[in-house]
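Note: the block below is input-v6.cif and it holds mmCIF, C-alpha atoms.
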```cif
data_coords
#
loop_
_atom_site.group_PDB
_atom_site.id
_atom_site.type_symbol
_atom_site.label_atom_id
_atom_site.label_comp_id
_atom_site.auth_asym_id
_atom_site.auth_seq_id
_atom_site.Cartn_x
_atom_site.Cartn_y
_atom_site.Cartn_z
ATOM 1 C CA MET A 340 44.229 33.610 161.533
ATOM 2 C CA LEU A 341 45.939 35.592 164.223
ATOM 3 C CA PHE A 342 49.288 34.175 163.101
ATOM 4 C CA ARG A 343 48.657 35.269 159.533
ATOM 5 C CA SER A 344 47.725 38.812 160.489
ATOM 6 C CA VAL A 345 50.881 39.247 162.603
ATOM 7 C CA ASP A 346 52.915 37.845 159.723
ATOM 8 C CA LEU A 347 51.163 40.253 157.378
ATOM 9 C CA TRP A 348 51.883 43.199 159.682
ATOM 10 C CA ASP A 349 55.516 42.110 159.903
ATOM 11 C CA ARG A 350 55.746 42.064 156.149
ATOM 12 C CA ILE A 351 54.172 45.508 155.884
ATOM 13 C CA ILE A 352 56.525 46.933 158.505
ATOM 14 C CA ARG A 353 59.577 45.352 156.795
ATOM 15 C CA ARG A 354 58.452 46.702 153.439
ATOM 16 C CA GLU A 355 57.976 50.192 154.898
ATOM 17 C CA ARG A 356 61.422 50.042 156.526
ATOM 18 C CA ARG A 357 62.956 49.017 153.190
ATOM 19 C CA LEU A 358 61.081 51.838 151.522
ATOM 20 C CA VAL A 359 62.316 54.332 154.127
ATOM 21 C CA ARG A 360 65.887 53.001 153.756
ATOM 22 C CA GLY A 361 65.572 53.324 149.985
ATOM 23 C CA ILE A 362 64.367 56.891 150.311
ATOM 24 C CA LEU A 363 67.247 57.682 152.668
ATOM 25 C CA ARG A 364 69.697 56.099 150.243
ATOM 26 C CA GLY A 365 68.160 58.210 147.521
ATOM 27 C CA TRP A 366 68.718 61.358 149.565
ATOM 28 C CA ARG A 367 72.320 60.333 150.145
ATOM 29 C CA THR A 368 72.718 59.884 146.405
ATOM 30 C CA ILE A 369 71.257 63.314 145.778
ATOM 31 C CA ARG A 370 73.596 64.812 148.367
ATOM 32 C CA ARG A 371 76.530 63.023 146.806
ATOM 33 C CA GLY A 372 75.377 64.281 143.436
ATOM 34 C CA ARG A 373 75.472 67.847 144.690
ATOM 35 C CA CYS A 374 79.006 67.368 145.990
ATOM 36 C CA GLU A 375 80.065 65.825 142.707
ATOM 37 C CA ARG A 376 78.706 68.803 140.827
ATOM 38 C CA LYS A 377 80.763 71.099 142.986
ATOM 39 C CA LEU A 378 83.840 68.997 142.328
ATOM 40 C CA VAL A 379 83.198 69.122 138.592
ATOM 41 C CA THR A 380 83.894 72.839 138.695
ATOM 42 C CA ARG A 381 87.433 71.859 139.543
ATOM 43 C CA MET A 382 88.492 71.486 135.992
ATOM 44 C CA LYS A 383 91.038 68.967 134.830
ATOM 45 C CA THR A 384 93.981 70.422 132.973
ATOM 46 C CA ARG A 385 93.125 68.623 129.730
ATOM 47 C CA GLU A 386 89.562 69.960 129.798
ATOM 48 C CA PHE A 387 90.906 73.460 130.404
ATOM 49 C CA GLN A 388 93.376 73.161 127.533
ATOM 50 C CA LYS A 389 90.587 72.031 125.209
ATOM 51 C CA GLN A 390 88.571 75.129 126.072
ATOM 52 C CA VAL A 391 91.470 77.535 125.499
ATOM 53 C CA ASP A 392 92.022 78.607 121.902
ATOM 54 C CA GLU A 393 95.799 78.313 121.775
ATOM 55 C CA SER A 394 96.171 80.000 118.395
ATOM 56 C CA GLN A 395 94.341 83.096 119.649
ATOM 57 C CA VAL A 396 96.556 83.278 122.752
ATOM 58 C CA VAL A 397 99.750 82.847 120.702
ATOM 59 C CA ARG A 398 98.574 85.556 118.267
ATOM 60 C CA ALA A 399 97.986 87.923 121.193
ATOM 61 C CA ILE A 400 101.478 87.212 122.566
ATOM 62 C CA GLN A 401 103.094 87.722 119.145
ATOM 63 C CA GLU A 402 101.231 90.973 118.594
ATOM 64 C CA ALA A 403 102.182 92.202 122.064
ATOM 65 C CA GLU A 404 105.845 91.307 121.619
ATOM 66 C CA SER A 405 105.998 92.939 118.171
ATOM 67 C CA ARG A 406 105.647 96.350 119.843
ATOM 68 C CA THR A 407 107.793 95.849 122.926
ATOM 69 C CA SER A 408 111.103 94.335 123.950
ATOM 70 C CA GLY A 409 109.310 92.566 126.824
ATOM 71 C CA GLU A 410 108.651 88.832 126.871
ATOM 72 C CA ILE A 411 105.294 87.292 127.802
ATOM 73 C CA ARG A 412 104.754 83.593 128.382
ATOM 74 C CA VAL A 413 101.750 81.525 129.454
ATOM 75 C CA LEU A 414 102.221 78.330 131.464
ATOM 76 C CA ILE A 415 99.413 75.848 132.106
ATOM 77 C CA THR A 416 100.387 73.417 134.841
ATOM 78 C CA ARG A 417 98.686 70.172 135.765
ATOM 79 C CA HIS A 418 100.007 70.319 139.323
ATOM 80 C CA VAL A 419 97.836 71.339 142.252
ATOM 81 C CA THR A 420 99.327 74.422 143.828
ATOM 82 C CA SER A 421 98.715 75.920 147.228
ATOM 83 C CA ASP A 422 100.863 78.987 146.490
ATOM 84 C CA PRO A 423 100.595 79.950 142.800
ATOM 85 C CA VAL A 424 102.908 82.966 143.160
ATOM 86 C CA ALA A 425 105.740 80.824 144.557
ATOM 87 C CA ASP A 426 105.182 78.276 141.781
ATOM 88 C CA ALA A 427 105.172 81.079 139.193
ATOM 89 C CA ARG A 428 108.470 82.392 140.580
ATOM 90 C CA THR A 429 110.022 78.923 140.383
ATOM 91 C CA SER A 430 108.703 78.340 136.857
ATOM 92 C CA PHE A 431 109.842 81.813 135.824
ATOM 93 C CA HIS A 432 113.439 80.923 136.679
ATOM 94 C CA ARG A 433 113.165 77.376 135.316
ATOM 95 C CA LEU A 434 111.978 78.697 131.940
ATOM 96 C CA GLY A 435 114.901 81.148 131.795
ATOM 97 C CA MET A 436 112.691 84.208 131.803
ATOM 98 C CA ASP A 437 114.976 85.920 134.305
ATOM 99 C CA ARG A 438 117.733 86.044 131.650
ATOM 100 C CA THR A 439 116.080 88.608 129.357
ATOM 101 C CA THR A 440 118.253 91.630 128.590
ATOM 102 C CA ASP A 441 116.025 94.246 130.242
ATOM 103 C CA ARG A 442 114.606 91.935 132.954
ATOM 104 C CA ASN A 443 111.130 92.597 131.553
ATOM 105 C CA GLY A 444 109.590 89.139 131.287
ATOM 106 C CA VAL A 445 106.075 88.372 132.515
ATOM 107 C CA LEU A 446 104.779 84.857 133.214
ATOM 108 C CA ILE A 447 101.087 84.014 133.462
ATOM 109 C CA LEU A 448 100.785 80.713 135.341
ATOM 110 C CA ILE A 449 97.426 78.915 135.323
ATOM 111 C CA ALA A 450 96.710 75.869 137.520
ATOM 112 C CA PRO A 451 93.239 74.552 136.562
ATOM 113 C CA GLU A 452 93.391 71.625 139.022
ATOM 114 C CA SER A 453 93.610 74.019 141.969
ATOM 115 C CA ARG A 454 91.520 76.746 140.283
ATOM 116 C CA SER A 455 94.249 79.339 140.671
ATOM 117 C CA PHE A 456 96.587 81.496 138.643
ATOM 118 C CA ALA A 457 99.391 83.980 139.133
ATOM 119 C CA VAL A 458 100.998 86.727 137.075
ATOM 120 C CA PHE A 459 104.687 87.127 137.823
ATOM 121 C CA GLY A 460 106.732 90.047 136.482
ATOM 122 C CA ASP A 461 110.510 90.320 136.516
ATOM 123 C CA ASP A 462 112.298 93.106 138.441
ATOM 124 C CA GLY A 463 112.548 95.456 135.450
ATOM 125 C CA ILE A 464 108.793 95.609 134.860
ATOM 126 C CA HIS A 465 107.699 95.184 138.471
ATOM 127 C CA SER A 466 109.599 98.295 139.583
ATOM 128 C CA ARG A 467 107.909 100.419 136.894
ATOM 129 C CA VAL A 468 104.246 99.435 137.121
ATOM 130 C CA PRO A 469 101.888 101.527 139.244
ATOM 131 C CA ASP A 470 100.629 100.262 142.577
ATOM 132 C CA GLY A 471 97.641 97.999 142.158
ATOM 133 C CA PHE A 472 98.384 97.028 138.541
ATOM 134 C CA TRP A 473 98.909 93.333 139.285
ATOM 135 C CA GLY A 474 95.790 93.254 141.492
ATOM 136 C CA GLU A 475 93.614 94.821 138.777
ATOM 137 C CA LEU A 476 95.028 92.397 136.244
ATOM 138 C CA ALA A 477 94.225 89.457 138.517
ATOM 139 C CA GLN A 478 90.686 90.743 139.161
ATOM 140 C CA GLY A 479 89.988 91.002 135.453
ATOM 141 C CA MET A 480 91.292 87.499 134.829
ATOM 142 C CA ALA A 481 89.332 86.055 137.748
ATOM 143 C CA SER A 482 86.024 87.558 136.640
ATOM 144 C CA ARG A 483 86.428 86.225 133.100
ATOM 145 C CA CYS A 484 87.470 82.790 134.370
ATOM 146 C CA ARG A 485 84.407 82.659 136.616
ATOM 147 C CA ALA A 486 82.293 83.331 133.533
ATOM 148 C CA GLY A 487 84.008 80.444 131.738
ATOM 149 C CA GLU A 488 85.766 82.735 129.247
ATOM 150 C CA PHE A 489 89.250 81.247 129.668
ATOM 151 C CA THR A 490 90.699 82.353 126.334
ATOM 152 C CA ALA A 491 89.389 85.892 126.856
ATOM 153 C CA ALA A 492 90.887 85.939 130.352
ATOM 154 C CA ILE A 493 94.346 85.006 129.084
ATOM 155 C CA VAL A 494 94.212 87.264 126.013
ATOM 156 C CA GLY A 495 92.954 90.169 128.133
ATOM 157 C CA ALA A 496 95.820 89.706 130.591
ATOM 158 C CA VAL A 497 98.340 89.549 127.737
ATOM 159 C CA GLU A 498 96.923 92.767 126.254
ATOM 160 C CA GLN A 499 97.063 94.591 129.595
ATOM 161 C CA VAL A 500 100.651 93.485 130.164
ATOM 162 C CA ALA A 501 101.505 94.508 126.585
ATOM 163 C CA LYS A 502 100.218 98.066 127.194
ATOM 164 C CA ILE A 503 102.408 98.540 130.226
ATOM 165 C CA LEU A 504 105.414 96.918 128.532
ATOM 166 C CA ARG A 505 104.997 99.179 125.469
ATOM 167 C CA ARG A 506 105.034 102.240 127.685
ATOM 168 C CA HIS A 507 108.222 101.306 129.544
ATOM 169 C CA PHE A 508 110.018 98.980 127.098
ATOM 170 C CA PRO A 509 109.276 99.975 123.484
ATOM 171 C CA ARG A 510 110.643 97.720 120.765
ATOM 172 C CA ALA A 511 113.990 98.865 119.413
ATOM 173 C CA ASP A 512 115.007 98.459 115.774
ATOM 174 C CA GLY A 513 116.513 95.023 115.294
ATOM 175 C CA GLY A 514 115.054 93.718 118.554
ATOM 176 C CA THR A 515 114.769 89.961 118.766
ATOM 177 C CA ASN A 516 112.261 87.623 120.314
ATOM 178 C CA GLU A 517 114.270 86.078 123.141
ATOM 179 C CA LEU A 518 111.771 83.376 124.172
ATOM 180 C CA PRO A 519 109.215 81.192 122.352
ATOM 181 C CA ASP A 520 105.618 82.443 122.179
ATOM 182 C CA ALA A 521 103.849 79.074 122.456
ATOM 183 C CA ILE A 522 101.871 78.121 125.560
ATOM 184 C CA VAL A 523 104.048 76.053 127.884
ATOM 185 C CA ARG A 524 102.493 72.908 129.340
ATOM 186 C CA ASP A 525 103.957 71.668 132.579
ATOM 187 C CA ASP A 526 103.374 67.937 132.435
#
```
Would you put the structure from the file into structure tokens?
Amino acid sequence: MLFRSVDLWDRIIRRERRLVRGILRGWRTIRRGRCERKLVTRMKTREFQKQVDESQVVRAIQEAESRTSGEIRVLITRHVTSDPVADARTSFHRLGMDRTTDRNGVLILIAPESRSFAVFGDDGIHSRVPDGFWGELAQGMASRCRAGEFTAAIVGAVEQVAKILRRHFPRADGGTNELPDAIVRDD
């Protein structure tokens, strides 16, 4: 009988250890689950593009450019960027936005993979905007993006840029649209 009771106690202890290990594994899973939820907020580019109403953004760009000689473009990149302003500058030149007649192009670069964006204005517009304009524009975009209102963030930025462009670069009679209005996707 003594042998059986020791064996029984061994079984109970092993079962409790397995139970404790299972509970610990469960806690690890919960911890991993929390980390995964945080990573989910890093949105994939395709998911971001699905949530942005492209037609509404294009309409806002067309309306803005109908009243100004300035050019506004939106670029959604799938690349992870550590310096969105440098990437915006590079993309600005690659897209030929530096070749506008009045040097008044503005590029809004959005990098959903790295949860960042940049607004880059050419020399003509940058020299005429008041101090703090780009910072206020970025703050407005950031707050709307945090709320998950991606289309509103882009449209709001386009409208703010349009106001400043209208003031300094009004549309002349016979003015042409120098660049396409569609959202550019950097694949």
Which residues come within 9 Å of Ser455 in chain A, counting all atoms listed in the file, excluding same-chain residues fewer than 5 positions away, as number ranges by chain?
-> A: 419-423, 448-450, 481
Determine the residue membership of the PyMOL selection byres ((chain A and resi 464-467) around 8) for the file above and supply it as a list in words.
-> Arg442, Asn443, Gly444, Gly460, Asp461, Asp462, Gly463, Val468, Pro469, Leu504 and His507 of chain A
Name the residues captured by the PyMOL selection byres ((chain A and resi 459) around 8) when it is applied to the shown file; answer as a VMD selection string.
-> chain A and resid 424 427 to 428 431 445 to 448 457 to 458 460 to 461
Atoms kept (C-alpha atoms) for selection, written as a PDB file, in the coordinates of the input:
```pdb
ATOM      1  CA  VAL A 424     102.908  82.966 143.160  1.00  0.00           C
ATOM      2  CA  ALA A 427     105.172  81.079 139.193  1.00  0.00           C
ATOM      3  CA  ARG A 428     108.470  82.392 140.580  1.00  0.00           C
ATOM      4  CA  PHE A 431     109.842  81.813 135.824  1.00  0.00           C
ATOM      5  CA  VAL A 445     106.075  88.372 132.515  1.00  0.00           C
ATOM      6  CA  LEU A 446     104.779  84.857 133.214  1.00  0.00           C
ATOM      7  CA  ILE A 447     101.087  84.014 133.462  1.00  0.00           C
ATOM      8  CA  LEU A 448     100.785  80.713 135.341  1.00  0.00           C
ATOM      9  CA  ALA A 457      99.391  83.980 139.133  1.00  0.00           C
ATOM     10  CA  VAL A 458     100.998  86.727 137.075  1.00  0.00           C
ATOM     11  CA  GLY A 460     106.732  90.047 136.482  1.00  0.00           C
ATOM     12  CA  ASP A 461     110.510  90.320 136.516  1.00  0.00           C
TER      13      ASP A 461
END
```
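Residue nearest Thr490 in chain A, chosen from A:Gln401, A:Gln390, A:Thr439, A:Thr416 and counting only C-alpha atoms: A:Gln390.
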Residue with the minimum atom-to-atom distance to Glu410 in chain A, picked from A:Val396, A:Ile351, A:Met436, A:Ala425 with all atoms listed in the file counted, is A:Met436
Enter the distance from CA of Ser453 in chain A to CA of Lys383 in chain A, in Å, rounded to one decimal.
-> 9.1 Å
Need to verify the contact set: Asp512 in chain A, 12 Å, all atoms listed in the file, exclusion of same-chain residues closer than 6 positions in sequence. Can you return it as a compact mmCIF listing (two decimals) with C-alpha atoms, keeping the file's coordinate frame?
```txt
# COMPACT_ATOMS: atom_id res chain seq x y z
CA SER A 405 106.00 92.94 118.17
CA ARG A 406 105.65 96.35 119.84
CA THR A 407 107.79 95.85 122.93
CA SER A 408 111.10 94.34 123.95
```
Calculate how many Å separate CA of Ile411 in chain A from CA of Val497 in chain A, rounding to one decimal.
-> 7.3 Å
Distance of CA of Arg454 in chain A from CA of Glu488 in chain A, expressed in Å to one decimal place | 13.8 Å
Using the chain letters and numbering of this document, enumerate as number ranges by chain the residues selected by the PyMOL selection byres ((chain A and resi 501) around 9).
-> A: 400, 402-404, 406-407, 409, 411, 496-500, 502-506
Using only C-alpha atoms, please write the residues we just selected to a file, as a CSV table (one decimal), keeping the file's coordinate frame.
```csv
chain,number,residue,atom,x,y,z
A,400,ILE,CA,101.5,87.2,122.6
A,402,GLU,CA,101.2,91.0,118.6
A,403,ALA,CA,102.2,92.2,122.1
A,404,GLU,CA,105.8,91.3,121.6
A,406,ARG,CA,105.6,96.4,119.8
A,407,THR,CA,107.8,95.8,122.9
A,409,GLY,CA,109.3,92.6,126.8
A,411,ILE,CA,105.3,87.3,127.8
A,496,ALA,CA,95.8,89.7,130.6
A,497,VAL,CA,98.3,89.5,127.7
A,498,GLU,CA,96.9,92.8,126.3
A,499,GLN,CA,97.1,94.6,129.6
A,500,VAL,CA,100.7,93.5,130.2
A,502,LYS,CA,100.2,98.1,127.2
A,503,ILE,CA,102.4,98.5,130.2
A,504,LEU,CA,105.4,96.9,128.5
A,505,ARG,CA,105.0,99.2,125.5
A,506,ARG,CA,105.0,102.2,127.7
```
With 6 Å on each side, where is the centre of the axis-aligned box around all listed atoms of range 400-411 of chain A, and how long are its edges in Å to one decimal, as AutoDock Vina command-line options?
```
--center_x 106.2 --center_y 91.8 --center_z 123.0 --size_x 21.9 --size_y 21.1 --size_z 21.6
```
